[in-house]
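Everything on this sheet refers to the single structure shown next.
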Amino acid sequence: MLRSLFMLLSLAAALALSAVAPTPARAAIETSAEHGLIMDAQTGQVLWQKEGLTPMPPASMSKLMTIELLFQRIKDGRVKLSDTFPVSERAWRTQGSKMFVELGSRIPVEALIRGIVIQSGNDACVVVAEALGGTVEGFVDMMNKRAKQLGLNQSTFVNPDGLPDPPGQLMSALDLAKLSRHIINNYPGLYHYFSEQEFVWHNIHQPNRDLVLGALPGADGLKTGHTDAAGYGITISAKRGDQRLILVLNGLRYPQYHNDYFPNIRRAEEAGRVMEMAFREFRSYPLYSANQILGNVPVAGGDAPNVPVTALRPLNVTMQVDSHSAMKAVVKPDAGLRAPINAGQKVGMLVVTAPEFPDLSVPVYATQSVGQQGILGGMFSSIQHLWKK
């Protein structure tokens with residue numbers, strides 16, 4: 001049986017890409033993949049993992065970083081979908097999976113997106129890399145810099161396409177999930193390309209290698225990968241109702257087959273099976289709504305004895321169904337809290353506990369200011385304090 005690990009949530013994870021430390025639990029998800037991870041897309045919560053923080057060859061799944069840098073420039077206006085990028089000899093000669101770009105031509109950015117996302121075109125990745133970075137090497141520097149900005153701490157890039165030459169391209173399943181979550185949340189107007197199942201370029205029809213699309217209810221992306229070193233891998237996301245999950249599997253191996261046809265099917269079946277189990281075993285439960293008053297914390301030396309607190313943003317918590325009925329939430333004030341208190345100041349933590357669920361601590365903030373007591377009020381409080389003794 002695989003070691004089952006899941007669930008760490010912090011408010012930072014809800015607001016940004018942050019590293020997560022796995023915690024043992026009883027989510028008995030098994031897979032033949034060497035690496036695996038399930039993430040809640042809303043919060044960044046890791047629900048389960050198997051060697052999910054170990055750097056591994058990501059193969060074509062690393063194209064997600066190439067796409068992210070292109071999406072970033074489309075979003076901020078530096079690049080338009082109608083812009084065209086030139087095809088160099090280096091791009092034209094790039095081997096492996098191809099979009100089949102033509103030497104000396106110029107290709108619209110929107111076509112290049114589809115060529116990378118749907119056709120997994122290594123040649124299209126080189127076209128984008130040279131256009132954005134000046135050279136492939138310059139673009140690789142951009143990839144590594146961007147990875148640090150996004151908190152992808154187990155990622156090292158040496159090329160824009162995930163090919164095994166040059167060696168050294170590494171990502172963890174956690175980093176792939178974090179990058180996928182970032183793309184989903186930050187580029188909603190561009191994410192739809194991942195759900196397209198076919199692209200035709202120069203009358204060459206190529207299907208999306210992500211066979212989970214159309215087979216698993218709610219699935220809408222993201223990317224597959226395969227090299228001898230990496231094995232077969234897939235990063236997918238699916239949304240059902242208000243719940244979206246991200247799954248990464250890598251290191252699936254099918255030595256009995258001698259082409260990609262059946263391994264592609266088996267990979268999709270395994271990803272679909274694991275994702276179905278995730279939706280069945282884990283549910284997203286509302287923890288609080290935006291600006292909801294969660295309680296009060298005492299304030300020493302203030303013109304009010306306590307201050308109401310909130311967590312500013314709505315948040316759901318994802319946990320196993322069996323854990324939810326015994327979930328408890330308690331507001332714990334920061335030690336030594338004294339007036340004056342400013343509205344919006346952090347004043348404590350909301351601590352959530354449940355069976356088979358690691359304690360979740362979320363910062364809470366004062367909803368209003370609390371001034372210092374005047375001299376008479378301070379004297380009265382001191383007398384009260386002495387009287388209680």
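In the structure tokens, chains take letters A, B, ... by order of appearance, with residues numbered from 1 within each chain and ligands from 1 in the order shown.
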
### Message
Taking the DSSP secondary structure from the backbone, can you list the residues of segment 80-278 of chain A that are strand (DSSP E), as a PyMOL selection string?
### Response
chain A and resi 84-86+106-108+198-201+204-207+219-227+231-240+243-252

Can I get the residues of segment 60-80 of chain A within 12 Å of segment 136-139 of chain A, each with the closest pair of atoms and their distance in Å to one decimal, using only C-alpha atoms, sorted chain first then ascending number, as JSON lines?
```
{"residue": "A:Met65", "atom": "CA", "partner": "A:Phe139", "partner_atom": "CA", "distance": 10.7}
{"residue": "A:Thr66", "atom": "CA", "partner": "A:Phe139", "partner_atom": "CA", "distance": 8.7}
{"residue": "A:Ile67", "atom": "CA", "partner": "A:Phe139", "partner_atom": "CA", "distance": 11.9}
{"residue": "A:Leu69", "atom": "CA", "partner": "A:Phe139", "partner_atom": "CA", "distance": 9.3}
{"residue": "A:Leu70", "atom": "CA", "partner": "A:Phe139", "partner_atom": "CA", "distance": 10.9}
```

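Nearest to Lys239 of chain A of all the residues A:Ala271, A:Leu81, A:Ile116, A:Ile184 is A:Ile184, based on only C-alpha atoms.
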
### Summary
Across A:Leu150, A:Met275, A:Ala28, A:Ala173, the smallest distance to Glu51 of chain A, with only C-alpha atoms counted, is shown by A:Ala173

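The spacing separating atom CA of His182 of chain A from atom CA of Arg240 of chain A amounts to 18.8 Å.
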
#### Entry: Between atom CA of Leu252 of chain A and atom CA of Gly272 of chain A, distance in Å (one decimal)
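So the two atoms, atom CA of Leu252 of chain A and atom CA of Gly272 of chain A, lie 13.7 Å apart.
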
### Shortest interatomic distance to Thr135 of chain A - which of A:Pro160, A:Gly241, A:Gly371, A:Gly225, counting only C-alpha atoms
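Answer, going by the shortest atom-to-atom distance: A:Pro160.
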
### Task
Fewer than 2 positions away in the same chain doesn't count, so skip those; otherwise give me all residues within 12 Å of Lys223 of chain A, counting only C-alpha atoms, as a PyMOL selection string.
chain A and resi 58-65+67+114+116-121+162+176-177+179-180+191+193-197+208-213+219-221+225-226+232-237+246-250+268+271

#### Entry: Coordinates-based distance that separates atom CA of Arg146 of chain A from atom CA of Ala91 of chain A (Å, one decimal)
22.7 Å

### Task
Name the residues in contact with Gly295 of chain A at a cut-off of 9 Å, using only C-alpha atoms, excluding same-chain residues fewer than 3 positions from it; report them as a VMD selection string.
chain A and resid 307 to 310 330 to 331

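All residues of protein, DNA or RNA that reach within 12 Å of Gly104 of chain A, judged by only C-alpha atoms and not counting those fewer than 6 positions away in the chain, are A:Thr84, A:Phe85, A:Pro86, A:Val87, A:Ser88, A:Glu89, A:Arg90, A:Ala91, A:Trp92, A:Arg93, A:Val127.
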
### Query
Got a sec: who's within 10 Å of Lys80 of chain A, counting only C-alpha atoms, leaving out chain neighbours fewer than 6 positions off, as number ranges by chain?
A: 70-71, 73-74, 108-110

Export all heavy atoms of the chosen residues as a compact mmCIF listing (two decimals), in the first residue's frame?
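Result file follows (again-v9.txt):
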```
# COMPACT_ATOMS: atom_id res chain seq x y z
N LEU A 70 4.26 33.18 -21.63
CA LEU A 70 3.54 33.77 -22.76
C LEU A 70 2.21 34.36 -22.29
O LEU A 70 1.87 35.50 -22.67
CB LEU A 70 3.30 32.70 -23.83
CG LEU A 70 2.57 33.14 -25.10
CD1 LEU A 70 3.28 34.32 -25.77
CD2 LEU A 70 2.43 31.97 -26.07
N PHE A 71 1.47 33.65 -21.46
CA PHE A 71 0.21 34.16 -20.94
C PHE A 71 0.43 35.46 -20.15
O PHE A 71 -0.38 36.38 -20.22
CB PHE A 71 -0.46 33.12 -20.04
CG PHE A 71 -1.20 32.04 -20.78
CD1 PHE A 71 -1.17 31.95 -22.16
CD2 PHE A 71 -1.94 31.09 -20.07
CE1 PHE A 71 -1.86 30.94 -22.83
CE2 PHE A 71 -2.63 30.09 -20.73
CZ PHE A 71 -2.59 30.02 -22.11
N ARG A 73 2.58 37.76 -20.61
CA ARG A 73 2.79 38.88 -21.53
C ARG A 73 1.54 39.23 -22.32
O ARG A 73 1.35 40.37 -22.72
CB ARG A 73 3.97 38.57 -22.44
CG ARG A 73 5.31 38.81 -21.73
CD ARG A 73 6.43 37.92 -22.20
NE ARG A 73 7.64 38.24 -21.43
CZ ARG A 73 7.85 37.83 -20.17
NH1 ARG A 73 6.94 37.09 -19.56
NH2 ARG A 73 8.95 38.17 -19.53
N ILE A 74 0.69 38.26 -22.54
CA ILE A 74 -0.60 38.55 -23.17
C ILE A 74 -1.49 39.33 -22.20
O ILE A 74 -2.13 40.31 -22.58
CB ILE A 74 -1.29 37.24 -23.61
CG1 ILE A 74 -0.49 36.57 -24.74
CG2 ILE A 74 -2.72 37.51 -24.07
CD1 ILE A 74 -0.97 35.18 -25.08
N PRO A 108 1.02 33.12 -35.96
CA PRO A 108 0.28 33.88 -34.95
C PRO A 108 0.44 33.27 -33.56
O PRO A 108 0.52 32.05 -33.40
CB PRO A 108 -1.17 33.78 -35.43
CG PRO A 108 -1.08 33.50 -36.89
CD PRO A 108 0.15 32.66 -37.05
N VAL A 109 0.46 34.13 -32.56
CA VAL A 109 0.64 33.68 -31.18
C VAL A 109 -0.46 32.70 -30.79
O VAL A 109 -0.19 31.69 -30.11
CB VAL A 109 0.65 34.89 -30.23
CG1 VAL A 109 0.49 34.46 -28.77
CG2 VAL A 109 1.94 35.68 -30.42
N GLU A 110 -1.69 32.96 -31.19
CA GLU A 110 -2.78 32.05 -30.82
C GLU A 110 -2.55 30.66 -31.38
O GLU A 110 -2.83 29.65 -30.70
CB GLU A 110 -4.12 32.60 -31.29
CG GLU A 110 -5.29 31.79 -30.76
CD GLU A 110 -6.62 32.47 -30.98
OE1 GLU A 110 -6.79 33.14 -32.02
OE2 GLU A 110 -7.50 32.35 -30.10
```

### Query
Taking the backbone alone, and naming residues the way the document does, which bits of segment 246-331 of chain A are helix (DSSP H, G or I) by DSSP, as a ChimeraX atom specification?
/A:261-281,321-324

Could those residues be written to a file, using N, CA, C and O atoms, as a JSON list (two decimals), in the first residue's frame?
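Contents of part26.json, as written:
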```json
[["chain", "number", "residue", "atom", "x", "y", "z"],
["A", 261, "TYR", "N", 0.39, 4.40, -28.19],
["A", 261, "TYR", "CA", -1.06, 4.32, -28.30],
["A", 261, "TYR", "C", -1.70, 3.79, -27.01],
["A", 261, "TYR", "O", -2.54, 4.47, -26.39],
["A", 262, "PHE", "N", -1.33, 2.59, -26.61],
["A", 262, "PHE", "CA", -1.93, 2.02, -25.41],
["A", 262, "PHE", "C", -1.47, 2.71, -24.13],
["A", 262, "PHE", "O", -2.27, 2.92, -23.21],
["A", 263, "PRO", "N", -0.18, 3.09, -24.00],
["A", 263, "PRO", "CA", 0.21, 3.86, -22.79],
["A", 263, "PRO", "C", -0.57, 5.15, -22.61],
["A", 263, "PRO", "O", -0.90, 5.52, -21.47],
["A", 264, "ASN", "N", -0.89, 5.86, -23.70],
["A", 264, "ASN", "CA", -1.69, 7.07, -23.58],
["A", 264, "ASN", "C", -3.07, 6.77, -23.01],
["A", 264, "ASN", "O", -3.61, 7.53, -22.19],
["A", 265, "ILE", "N", -3.65, 5.64, -23.42],
["A", 265, "ILE", "CA", -4.95, 5.24, -22.91],
["A", 265, "ILE", "C", -4.85, 4.87, -21.44],
["A", 265, "ILE", "O", -5.67, 5.29, -20.61],
["A", 266, "ARG", "N", -3.84, 4.06, -21.10],
["A", 266, "ARG", "CA", -3.67, 3.62, -19.71],
["A", 266, "ARG", "C", -3.41, 4.81, -18.78],
["A", 266, "ARG", "O", -3.89, 4.85, -17.65],
["A", 267, "ARG", "N", -2.62, 5.76, -19.26],
["A", 267, "ARG", "CA", -2.34, 6.96, -18.46],
["A", 267, "ARG", "C", -3.62, 7.72, -18.15],
["A", 267, "ARG", "O", -3.86, 8.14, -17.00],
["A", 268, "ALA", "N", -4.46, 7.90, -19.16],
["A", 268, "ALA", "CA", -5.71, 8.61, -18.96],
["A", 268, "ALA", "C", -6.64, 7.84, -18.03],
["A", 268, "ALA", "O", -7.33, 8.44, -17.18],
["A", 269, "GLU", "N", -6.66, 6.53, -18.15],
["A", 269, "GLU", "CA", -7.51, 5.72, -17.27],
["A", 269, "GLU", "C", -7.06, 5.85, -15.82],
["A", 269, "GLU", "O", -7.88, 5.98, -14.91],
["A", 270, "GLU", "N", -5.75, 5.83, -15.60],
["A", 270, "GLU", "CA", -5.24, 5.94, -14.23],
["A", 270, "GLU", "C", -5.52, 7.32, -13.65],
["A", 270, "GLU", "O", -5.93, 7.45, -12.49],
["A", 271, "ALA", "N", -5.32, 8.35, -14.45],
["A", 271, "ALA", "CA", -5.60, 9.72, -13.97],
["A", 271, "ALA", "C", -7.08, 9.88, -13.65],
["A", 271, "ALA", "O", -7.45, 10.48, -12.64],
["A", 272, "GLY", "N", -7.94, 9.36, -14.51],
["A", 272, "GLY", "CA", -9.37, 9.45, -14.26],
["A", 272, "GLY", "C", -9.79, 8.69, -13.01],
["A", 272, "GLY", "O", -10.62, 9.16, -12.23],
["A", 273, "ARG", "N", -9.21, 7.52, -12.80],
["A", 273, "ARG", "CA", -9.53, 6.71, -11.63],
["A", 273, "ARG", "C", -9.15, 7.43, -10.33],
["A", 273, "ARG", "O", -9.94, 7.50, -9.39],
["A", 274, "VAL", "N", -7.94, 7.98, -10.31],
["A", 274, "VAL", "CA", -7.47, 8.67, -9.10],
["A", 274, "VAL", "C", -8.28, 9.94, -8.85],
["A", 274, "VAL", "O", -8.65, 10.24, -7.71],
["A", 275, "MET", "N", -8.61, 10.67, -9.91],
["A", 275, "MET", "CA", -9.37, 11.90, -9.73],
["A", 275, "MET", "C", -10.79, 11.61, -9.26],
["A", 275, "MET", "O", -11.34, 12.32, -8.41],
["A", 276, "GLU", "N", -11.40, 10.55, -9.78],
["A", 276, "GLU", "CA", -12.73, 10.16, -9.30],
["A", 276, "GLU", "C", -12.70, 9.85, -7.82],
["A", 276, "GLU", "O", -13.60, 10.23, -7.05],
["A", 277, "MET", "N", -11.66, 9.14, -7.38],
["A", 277, "MET", "CA", -11.53, 8.83, -5.97],
["A", 277, "MET", "C", -11.37, 10.09, -5.13],
["A", 277, "MET", "O", -11.94, 10.21, -4.04],
["A", 278, "ALA", "N", -10.61, 11.05, -5.66],
["A", 278, "ALA", "CA", -10.41, 12.31, -4.93],
["A", 278, "ALA", "C", -11.72, 13.06, -4.74],
["A", 278, "ALA", "O", -12.02, 13.56, -3.65],
["A", 279, "PHE", "N", -12.53, 13.15, -5.79],
["A", 279, "PHE", "CA", -13.81, 13.84, -5.67],
["A", 279, "PHE", "C", -14.75, 13.09, -4.72],
["A", 279, "PHE", "O", -15.59, 13.70, -4.06],
["A", 280, "ARG", "N", -14.62, 11.77, -4.64],
["A", 280, "ARG", "CA", -15.48, 11.00, -3.75],
["A", 280, "ARG", "C", -15.07, 11.13, -2.29],
["A", 280, "ARG", "O", -15.91, 11.23, -1.40],
["A", 281, "GLU", "N", -13.77, 11.12, -2.03],
["A", 281, "GLU", "CA", -13.27, 11.07, -0.65],
["A", 281, "GLU", "C", -13.13, 12.45, 0.00],
["A", 281, "GLU", "O", -13.19, 12.57, 1.22],
["A", 321, "VAL", "N", -14.57, 13.26, 4.08],
["A", 321, "VAL", "CA", -15.96, 13.35, 4.52],
["A", 321, "VAL", "C", -16.11, 12.90, 5.97],
["A", 321, "VAL", "O", -16.84, 13.52, 6.76],
["A", 322, "ASP", "N", -15.42, 11.85, 6.36],
["A", 322, "ASP", "CA", -15.55, 11.32, 7.71],
["A", 322, "ASP", "C", -15.02, 12.27, 8.78],
["A", 322, "ASP", "O", -15.36, 12.14, 9.96],
["A", 323, "SER", "N", -14.18, 13.22, 8.39],
["A", 323, "SER", "CA", -13.58, 14.14, 9.36],
["A", 323, "SER", "C", -14.48, 15.33, 9.67],
["A", 323, "SER", "O", -14.35, 15.96, 10.74],
["A", 324, "HIS", "N", -15.38, 15.67, 8.77],
["A", 324, "HIS", "CA", -16.07, 16.95, 8.86],
["A", 324, "HIS", "C", -17.01, 17.06, 10.06],
["A", 324, "HIS", "O", -17.13, 18.12, 10.68]]
```

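The closest residue to Pro333 of chain A, picked from A:Ser361, A:Gln320, A:Ser155, A:Gln95 and counting only C-alpha atoms, is A:Ser361.
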
### Query
Near Gln372 of chain A, counting only C-alpha atoms, which residues have an atom at most 6 Å away, once you skip same-chain residues fewer than 3 positions from it, shown as a ChimeraX atom specification?
/A:301-303,339-340
